[in-house]
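Colleague: Structure: work_27.txt, compact mmCIF, N, CA and C atoms.
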# COMPACT_ATOMS: atom_id res chain seq x y z
N MET C 5 -42.80 -74.67 31.07
CA MET C 5 -43.33 -74.27 32.35
C MET C 5 -42.87 -72.84 32.64
N PRO C 6 -43.79 -71.97 33.11
CA PRO C 6 -43.41 -70.58 33.38
C PRO C 6 -42.53 -70.49 34.64
N PRO C 7 -41.75 -69.43 34.75
CA PRO C 7 -40.93 -69.26 35.96
C PRO C 7 -41.82 -69.04 37.18
N GLU C 8 -41.29 -69.34 38.34
CA GLU C 8 -42.04 -69.22 39.60
C GLU C 8 -42.63 -67.82 39.77
N SER C 9 -41.90 -66.79 39.39
CA SER C 9 -42.37 -65.41 39.57
C SER C 9 -43.58 -65.09 38.70
N ALA C 10 -43.83 -65.88 37.66
CA ALA C 10 -44.95 -65.62 36.77
C ALA C 10 -46.24 -66.32 37.23
N VAL C 11 -46.13 -67.20 38.19
CA VAL C 11 -47.29 -67.96 38.64
C VAL C 11 -48.14 -67.11 39.58
N LYS C 12 -49.44 -67.05 39.33
CA LYS C 12 -50.38 -66.33 40.19
C LYS C 12 -51.03 -67.35 41.12
N TYR C 13 -50.91 -67.13 42.41
CA TYR C 13 -51.51 -68.03 43.38
C TYR C 13 -52.88 -67.50 43.74
N PRO C 14 -53.91 -68.35 43.75
CA PRO C 14 -55.28 -67.88 43.92
C PRO C 14 -55.56 -67.22 45.27
N LEU C 15 -54.84 -67.58 46.32
CA LEU C 15 -55.12 -67.01 47.63
C LEU C 15 -54.24 -65.80 47.94
N ASN C 16 -53.34 -65.46 47.04
CA ASN C 16 -52.44 -64.35 47.30
C ASN C 16 -52.27 -63.55 46.01
N THR C 17 -53.36 -62.98 45.53
CA THR C 17 -53.31 -62.28 44.25
C THR C 17 -53.13 -60.79 44.39
N HIS C 18 -53.21 -60.26 45.60
CA HIS C 18 -53.07 -58.82 45.80
C HIS C 18 -51.76 -58.51 46.50
N PRO C 19 -51.00 -57.55 45.98
CA PRO C 19 -49.75 -57.20 46.67
C PRO C 19 -50.05 -56.51 47.99
N ALA C 20 -49.19 -56.71 48.95
CA ALA C 20 -49.37 -56.08 50.26
C ALA C 20 -49.11 -54.59 50.14
N PRO C 21 -49.89 -53.77 50.84
CA PRO C 21 -49.62 -52.34 50.80
C PRO C 21 -48.26 -52.04 51.44
N ALA C 22 -47.42 -51.35 50.72
CA ALA C 22 -46.05 -51.11 51.17
C ALA C 22 -46.00 -50.33 52.48
N ARG C 23 -46.87 -49.35 52.65
CA ARG C 23 -46.83 -48.53 53.87
C ARG C 23 -47.20 -49.36 55.09
N GLY C 24 -48.20 -50.21 54.98
CA GLY C 24 -48.61 -51.03 56.11
C GLY C 24 -47.54 -52.01 56.54
N VAL C 25 -46.88 -52.63 55.58
CA VAL C 25 -45.81 -53.57 55.88
C VAL C 25 -44.65 -52.84 56.54
N ALA C 26 -44.28 -51.68 56.00
CA ALA C 26 -43.18 -50.91 56.58
C ALA C 26 -43.51 -50.48 58.00
N ALA C 27 -44.75 -50.10 58.25
CA ALA C 27 -45.14 -49.69 59.60
C ALA C 27 -45.05 -50.85 60.57
N LEU C 28 -45.48 -52.02 60.16
CA LEU C 28 -45.40 -53.18 61.03
C LEU C 28 -43.96 -53.57 61.31
N GLN C 29 -43.09 -53.42 60.33
CA GLN C 29 -41.71 -53.80 60.51
C GLN C 29 -40.97 -52.86 61.45
N THR C 30 -41.45 -51.63 61.61
CA THR C 30 -40.77 -50.67 62.48
C THR C 30 -41.39 -50.60 63.87
N GLU C 31 -42.44 -51.36 64.12
CA GLU C 31 -43.06 -51.32 65.45
C GLU C 31 -42.09 -51.80 66.50
N ALA C 32 -42.16 -51.18 67.65
CA ALA C 32 -41.31 -51.56 68.79
C ALA C 32 -42.15 -51.44 70.05
N PRO C 33 -41.75 -52.09 71.14
CA PRO C 33 -42.49 -51.95 72.38
C PRO C 33 -42.51 -50.50 72.84
N SER C 34 -43.55 -50.13 73.57
CA SER C 34 -43.66 -48.79 74.10
C SER C 34 -42.49 -48.49 75.03
N ALA C 35 -42.04 -47.26 75.03
CA ALA C 35 -40.92 -46.86 75.90
C ALA C 35 -41.32 -47.07 77.35
N GLY C 36 -40.41 -47.59 78.14
CA GLY C 36 -40.66 -47.80 79.56
C GLY C 36 -41.36 -49.10 79.89
N ARG C 37 -41.72 -49.85 78.90
CA ARG C 37 -42.43 -51.11 79.14
C ARG C 37 -41.47 -52.26 78.90
N SER C 38 -41.40 -53.18 79.83
CA SER C 38 -40.51 -54.33 79.64
C SER C 38 -41.15 -55.31 78.67
N GLU C 39 -40.34 -56.12 78.05
CA GLU C 39 -40.82 -57.11 77.08
C GLU C 39 -41.03 -58.43 77.80
N PRO C 40 -42.27 -58.78 78.15
CA PRO C 40 -42.52 -59.99 78.93
C PRO C 40 -42.57 -61.28 78.13
N VAL C 41 -42.48 -61.20 76.83
CA VAL C 41 -42.69 -62.38 75.99
C VAL C 41 -41.55 -63.39 76.10
N ALA C 42 -40.32 -62.94 76.04
CA ALA C 42 -39.18 -63.87 76.02
C ALA C 42 -39.15 -64.77 77.26
N PRO C 43 -39.28 -64.23 78.48
CA PRO C 43 -39.29 -65.13 79.64
C PRO C 43 -40.46 -66.11 79.62
N ALA C 44 -41.61 -65.67 79.13
CA ALA C 44 -42.77 -66.55 79.06
C ALA C 44 -42.55 -67.68 78.07
N VAL C 45 -41.92 -67.37 76.94
CA VAL C 45 -41.63 -68.40 75.93
C VAL C 45 -40.62 -69.39 76.49
N ASP C 46 -39.61 -68.89 77.17
CA ASP C 46 -38.61 -69.78 77.78
C ASP C 46 -39.26 -70.71 78.79
N ARG C 47 -40.15 -70.16 79.60
CA ARG C 47 -40.84 -70.98 80.61
C ARG C 47 -41.71 -72.04 79.95
N LEU C 48 -42.43 -71.66 78.90
CA LEU C 48 -43.26 -72.62 78.18
C LEU C 48 -42.40 -73.74 77.60
N ALA C 49 -41.26 -73.38 77.03
CA ALA C 49 -40.38 -74.40 76.45
C ALA C 49 -39.90 -75.38 77.52
N LYS C 50 -39.54 -74.87 78.70
CA LYS C 50 -39.08 -75.74 79.79
C LYS C 50 -40.19 -76.66 80.28
N GLU C 51 -41.38 -76.09 80.46
CA GLU C 51 -42.49 -76.89 81.00
C GLU C 51 -43.03 -77.88 79.98
N ALA C 52 -42.95 -77.54 78.71
CA ALA C 52 -43.48 -78.43 77.67
C ALA C 52 -42.50 -79.52 77.28
N ALA C 53 -41.21 -79.32 77.55
CA ALA C 53 -40.18 -80.27 77.10
C ALA C 53 -40.46 -81.71 77.55
N PRO C 54 -40.78 -81.97 78.83
CA PRO C 54 -41.03 -83.36 79.21
C PRO C 54 -42.26 -83.96 78.50
N GLU C 55 -43.26 -83.13 78.29
CA GLU C 55 -44.48 -83.62 77.64
C GLU C 55 -44.21 -83.94 76.16
N ILE C 56 -43.48 -83.08 75.51
CA ILE C 56 -43.12 -83.32 74.12
C ILE C 56 -42.19 -84.54 74.03
N GLY C 57 -41.29 -84.66 75.00
CA GLY C 57 -40.40 -85.82 75.04
C GLY C 57 -41.16 -87.13 75.15
N ALA C 58 -42.22 -87.13 75.97
CA ALA C 58 -43.04 -88.34 76.12
C ALA C 58 -43.73 -88.70 74.80
N MET C 59 -44.23 -87.69 74.10
CA MET C 59 -44.88 -87.95 72.81
C MET C 59 -43.86 -88.49 71.81
N LEU C 60 -42.68 -87.87 71.79
CA LEU C 60 -41.65 -88.32 70.85
C LEU C 60 -41.17 -89.73 71.17
N ALA C 61 -41.13 -90.09 72.45
CA ALA C 61 -40.72 -91.45 72.81
C ALA C 61 -41.71 -92.47 72.25
N GLN C 62 -43.00 -92.16 72.33
CA GLN C 62 -44.01 -93.06 71.75
C GLN C 62 -43.82 -93.17 70.24
N ILE C 63 -43.55 -92.05 69.60
CA ILE C 63 -43.38 -92.05 68.14
C ILE C 63 -42.12 -92.82 67.76
N GLU C 64 -41.04 -92.67 68.53
CA GLU C 64 -39.81 -93.41 68.24
C GLU C 64 -40.03 -94.91 68.29
N VAL C 65 -40.79 -95.38 69.27
CA VAL C 65 -41.07 -96.81 69.39
C VAL C 65 -41.80 -97.29 68.13
N MET C 66 -42.76 -96.51 67.68
CA MET C 66 -43.50 -96.88 66.47
C MET C 66 -42.59 -96.92 65.26
N LEU C 67 -41.72 -95.91 65.11
CA LEU C 67 -40.83 -95.86 63.96
C LEU C 67 -39.85 -97.02 63.96
N GLN C 68 -39.37 -97.42 65.14
CA GLN C 68 -38.45 -98.55 65.23
C GLN C 68 -39.14 -99.87 64.90
N ALA C 69 -40.42 -99.97 65.23
CA ALA C 69 -41.17 -101.20 64.99
C ALA C 69 -41.64 -101.32 63.53
N ALA C 70 -41.73 -100.19 62.84
CA ALA C 70 -42.26 -100.21 61.48
C ALA C 70 -41.23 -100.82 60.52
N GLY C 71 -41.75 -101.57 59.57
CA GLY C 71 -40.89 -102.19 58.58
C GLY C 71 -40.69 -101.34 57.34
N SER C 72 -41.51 -100.29 57.18
CA SER C 72 -41.40 -99.43 56.01
C SER C 72 -41.97 -98.06 56.36
N LEU C 73 -41.73 -97.10 55.48
CA LEU C 73 -42.29 -95.77 55.71
C LEU C 73 -43.82 -95.80 55.67
N GLY C 74 -44.37 -96.58 54.78
CA GLY C 74 -45.82 -96.71 54.71
C GLY C 74 -46.41 -97.26 55.99
N GLU C 75 -45.75 -98.28 56.53
CA GLU C 75 -46.21 -98.86 57.79
C GLU C 75 -46.07 -97.85 58.93
N ALA C 76 -44.97 -97.11 58.94
CA ALA C 76 -44.77 -96.07 59.97
C ALA C 76 -45.87 -95.02 59.87
N ARG C 77 -46.20 -94.63 58.64
CA ARG C 77 -47.27 -93.65 58.44
C ARG C 77 -48.59 -94.16 59.00
N GLU C 78 -48.93 -95.39 58.68
CA GLU C 78 -50.18 -95.96 59.18
C GLU C 78 -50.20 -96.06 60.70
N MET C 79 -49.06 -96.44 61.27
CA MET C 79 -48.97 -96.53 62.73
C MET C 79 -49.18 -95.16 63.37
N LEU C 80 -48.54 -94.14 62.80
CA LEU C 80 -48.70 -92.78 63.34
C LEU C 80 -50.13 -92.29 63.22
N LEU C 81 -50.73 -92.52 62.06
CA LEU C 81 -52.11 -92.06 61.86
C LEU C 81 -53.08 -92.75 62.81
N SER C 82 -52.89 -94.05 63.03
CA SER C 82 -53.82 -94.77 63.90
C SER C 82 -53.57 -94.45 65.37
N ALA C 83 -52.33 -94.13 65.74
CA ALA C 83 -52.01 -93.86 67.14
C ALA C 83 -52.19 -92.40 67.52
N TRP C 84 -52.31 -91.52 66.54
CA TRP C 84 -52.33 -90.08 66.82
C TRP C 84 -53.35 -89.69 67.89
N PRO C 85 -54.60 -90.15 67.83
CA PRO C 85 -55.57 -89.73 68.86
C PRO C 85 -55.19 -90.19 70.27
N ASP C 86 -54.38 -91.23 70.38
CA ASP C 86 -54.06 -91.79 71.69
C ASP C 86 -52.68 -91.38 72.21
N LEU C 87 -51.96 -90.53 71.47
CA LEU C 87 -50.66 -90.08 71.96
C LEU C 87 -50.84 -89.31 73.26
N ALA C 88 -49.87 -89.41 74.15
CA ALA C 88 -49.94 -88.77 75.47
C ALA C 88 -49.81 -87.26 75.31
N SER C 89 -50.93 -86.59 75.08
CA SER C 89 -50.88 -85.15 74.84
C SER C 89 -51.58 -84.34 75.94
N ASP C 90 -52.14 -85.01 76.95
CA ASP C 90 -52.86 -84.28 78.00
C ASP C 90 -51.95 -83.32 78.76
N GLY C 91 -50.73 -83.75 79.05
CA GLY C 91 -49.79 -82.90 79.77
C GLY C 91 -49.43 -81.67 78.97
N LEU C 92 -49.17 -81.86 77.67
CA LEU C 92 -48.84 -80.74 76.80
C LEU C 92 -50.02 -79.79 76.69
N ALA C 93 -51.23 -80.34 76.58
CA ALA C 93 -52.42 -79.50 76.50
C ALA C 93 -52.58 -78.66 77.77
N ALA C 94 -52.28 -79.24 78.94
CA ALA C 94 -52.39 -78.49 80.19
C ALA C 94 -51.37 -77.36 80.25
N VAL C 95 -50.14 -77.64 79.84
CA VAL C 95 -49.09 -76.60 79.84
C VAL C 95 -49.49 -75.48 78.88
N MET C 96 -49.98 -75.84 77.70
CA MET C 96 -50.37 -74.82 76.73
C MET C 96 -51.57 -74.03 77.21
N ALA C 97 -52.51 -74.67 77.89
CA ALA C 97 -53.67 -73.95 78.42
C ALA C 97 -53.22 -72.91 79.44
N GLU C 98 -52.28 -73.27 80.30
CA GLU C 98 -51.75 -72.30 81.27
C GLU C 98 -51.07 -71.15 80.55
N ALA C 99 -50.31 -71.45 79.50
CA ALA C 99 -49.61 -70.41 78.75
C ALA C 99 -50.60 -69.46 78.08
N PHE C 100 -51.66 -70.01 77.50
CA PHE C 100 -52.67 -69.17 76.86
C PHE C 100 -53.37 -68.28 77.89
N LEU C 101 -53.68 -68.85 79.05
CA LEU C 101 -54.33 -68.08 80.11
C LEU C 101 -53.42 -66.94 80.57
N ALA C 102 -52.13 -67.24 80.76
CA ALA C 102 -51.18 -66.21 81.18
C ALA C 102 -51.04 -65.13 80.11
N ALA C 103 -50.98 -65.52 78.85
CA ALA C 103 -50.87 -64.55 77.77
C ALA C 103 -52.10 -63.66 77.72
N HIS C 104 -53.26 -64.25 77.88
CA HIS C 104 -54.51 -63.48 77.87
C HIS C 104 -54.53 -62.49 79.03
N ALA C 105 -54.18 -62.97 80.22
CA ALA C 105 -54.18 -62.09 81.39
C ALA C 105 -53.15 -60.97 81.23
N GLY C 106 -51.98 -61.31 80.71
CA GLY C 106 -50.96 -60.28 80.48
C GLY C 106 -51.40 -59.25 79.47
N GLY C 107 -52.06 -59.69 78.42
CA GLY C 107 -52.57 -58.76 77.41
C GLY C 107 -53.63 -57.83 77.98
N ARG C 108 -54.52 -58.39 78.80
CA ARG C 108 -55.55 -57.56 79.43
C ARG C 108 -54.92 -56.54 80.36
N ALA C 109 -53.89 -56.96 81.11
CA ALA C 109 -53.22 -56.03 82.02
C ALA C 109 -52.57 -54.89 81.25
N LEU C 110 -51.96 -55.20 80.11
CA LEU C 110 -51.34 -54.14 79.30
C LEU C 110 -52.39 -53.18 78.76
N ILE C 111 -53.53 -53.71 78.34
CA ILE C 111 -54.60 -52.85 77.83
C ILE C 111 -55.12 -51.94 78.93
N GLU C 112 -55.34 -52.50 80.12
CA GLU C 112 -55.81 -51.69 81.24
C GLU C 112 -54.79 -50.63 81.62
N GLU C 113 -53.50 -51.01 81.59
CA GLU C 113 -52.42 -50.06 81.91
C GLU C 113 -52.42 -48.92 80.89
N ASP C 114 -52.57 -49.25 79.61
CA ASP C 114 -52.61 -48.21 78.59
C ASP C 114 -53.83 -47.30 78.77
N GLY C 115 -54.96 -47.89 79.16
CA GLY C 115 -56.17 -47.10 79.40
C GLY C 115 -56.00 -46.16 80.57
N GLN C 116 -55.34 -46.62 81.62
CA GLN C 116 -55.11 -45.77 82.78
C GLN C 116 -54.17 -44.61 82.43
N ARG C 117 -53.16 -44.89 81.60
CA ARG C 117 -52.23 -43.83 81.18
C ARG C 117 -52.97 -42.78 80.36
N ALA C 118 -53.87 -43.24 79.50
CA ALA C 118 -54.61 -42.31 78.65
C ALA C 118 -55.57 -41.45 79.47
N ASP C 119 -56.15 -42.03 80.52
CA ASP C 119 -57.09 -41.30 81.38
C ASP C 119 -56.37 -40.35 82.32
N GLY C 120 -55.15 -40.70 82.75
CA GLY C 120 -54.47 -39.93 83.79
C GLY C 120 -53.53 -39.00 83.23
Give the structure from this file in structure tokens form.
Modeller:
Amino acid sequence: MPPESAVKYPLNTHPAPARGVAALQTEAPSAGRSEPVAPAVDRLAKEAAPEIGAMLAQIEVMLQAAGSLGEAREMLLSAWPDLASDGLAAVMAEAFLAAHAGGRALIEEDGQRADG
């Protein structure tokens, strides 16, 4: 068997351009602009925690009731569509809306700076 480094993967056959990768790695927020992402991520984690906890509680009950890994797998697959995910979906929808609005505001702010 050839070493891992000799294997060519069909979806990743071209090396990344070194300059582009280096440029992305050195990107930083614009001077004078606060970084709004961290507080938003923290808020999402807090608001999603109870919803994720409810889903995990359902999964724990199934795992405790299962007599084998195969049975647990089947239980999870059959219950997946009915897991209590509406609350998590609502929290994530709010987060996506906030992220979209924040991104639009930053774009408009940059446009105003360029015009003025």
Colleague: Between atom CA of Leu48 of chain C and atom CA of Glu98 of chain C, what is the distance in Å, rounded to a tenth?
Modeller: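 So the two atoms, atom CA of Leu48 of chain C and atom CA of Glu98 of chain C, lie 9.0 Å apart.
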Colleague: Expressed in Å to a single decimal, how great is the separation between atom C of Gly106 of chain C and atom CA of Pro43 of chain C?
Modeller: 13.5 Å
Colleague: Could you tell me which of C:His104, C:Gly74, C:Ala109, C:Leu92 comes closest to Ala53 of chain C if we count all atoms listed in the file?
Modeller: C:Leu92
Colleague: Just checking: using only C-alpha atoms, which residue out of C:Ala88, C:Ile56, C:Ala105, C:Ile63 ends up closest to Ala76 of chain C?
Modeller: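 Answer, going by the shortest atom-to-atom distance: C:Ile63.
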Colleague: Got a sec: who's within 12 Å of Ala69 of chain C, counting only C-alpha atoms, leaving out chain neighbours fewer than 5 positions off, as a PDB file with N, CA and C atoms, in the frame of the given file?
Modeller:
ATOM      1  N   GLN C  62     -43.000 -92.160  72.330  1.00  0.00           N
ATOM      2  CA  GLN C  62     -44.010 -93.060  71.750  1.00  0.00           C
ATOM      3  C   GLN C  62     -43.820 -93.170  70.240  1.00  0.00           C
ATOM      4  N   ILE C  63     -43.550 -92.050  69.600  1.00  0.00           N
ATOM      5  CA  ILE C  63     -43.380 -92.050  68.140  1.00  0.00           C
ATOM      6  C   ILE C  63     -42.120 -92.820  67.760  1.00  0.00           C
ATOM      7  N   GLU C  64     -41.040 -92.670  68.530  1.00  0.00           N
ATOM      8  CA  GLU C  64     -39.810 -93.410  68.240  1.00  0.00           C
ATOM      9  C   GLU C  64     -40.030 -94.910  68.290  1.00  0.00           C
ATOM     10  N   GLU C  75     -45.750 -98.280  56.530  1.00  0.00           N
ATOM     11  CA  GLU C  75     -46.210 -98.860  57.790  1.00  0.00           C
ATOM     12  C   GLU C  75     -46.070 -97.850  58.930  1.00  0.00           C
ATOM     13  N   ALA C  76     -44.970 -97.110  58.940  1.00  0.00           N
ATOM     14  CA  ALA C  76     -44.770 -96.070  59.970  1.00  0.00           C
ATOM     15  C   ALA C  76     -45.870 -95.020  59.870  1.00  0.00           C
ATOM     16  N   ARG C  77     -46.200 -94.630  58.640  1.00  0.00           N
ATOM     17  CA  ARG C  77     -47.270 -93.650  58.440  1.00  0.00           C
ATOM     18  C   ARG C  77     -48.590 -94.160  59.000  1.00  0.00           C
ATOM     19  N   GLU C  78     -48.930 -95.390  58.680  1.00  0.00           N
ATOM     20  CA  GLU C  78     -50.180 -95.960  59.180  1.00  0.00           C
ATOM     21  C   GLU C  78     -50.200 -96.060  60.700  1.00  0.00           C
ATOM     22  N   MET C  79     -49.060 -96.440  61.270  1.00  0.00           N
ATOM     23  CA  MET C  79     -48.970 -96.530  62.730  1.00  0.00           C
ATOM     24  C   MET C  79     -49.180 -95.160  63.370  1.00  0.00           C
ATOM     25  N   LEU C  80     -48.540 -94.140  62.800  1.00  0.00           N
ATOM     26  CA  LEU C  80     -48.700 -92.780  63.340  1.00  0.00           C
ATOM     27  C   LEU C  80     -50.130 -92.290  63.220  1.00  0.00           C
TER      28      LEU C  80
END
Colleague: What is the atom CA of Glu55 of chain C to atom CA of Arg108 of chain C distance in Å?
Modeller: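 If I compute the distance from atom CA of Glu55 of chain C to atom CA of Arg108 of chain C, I get 28.4 Å.
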Colleague: Excluding Val95 of chain C and residues on its chain fewer than 4 positions from it, collect all residues at most 8 Å away from it, counting all atoms listed in the file, and give them as a list in words.
Modeller: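 Everything that qualifies: Leu48, Glu51, Ala52, Ser89, Asp90, Gly91, Ala99, Phe100 and Leu101 of chain C.
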Colleague: Draw an axis-aligned box tight on the listed atoms of segment 72-76 of chain C, then pad every side by 4 Å and write out centre and edge lengths in Å to one decimal as JSON.
Modeller:
{"center_x": -43.9, "center_y": -97.7, "center_z": 57.3, "size_x": 13.0, "size_y": 13.3, "size_z": 13.3}
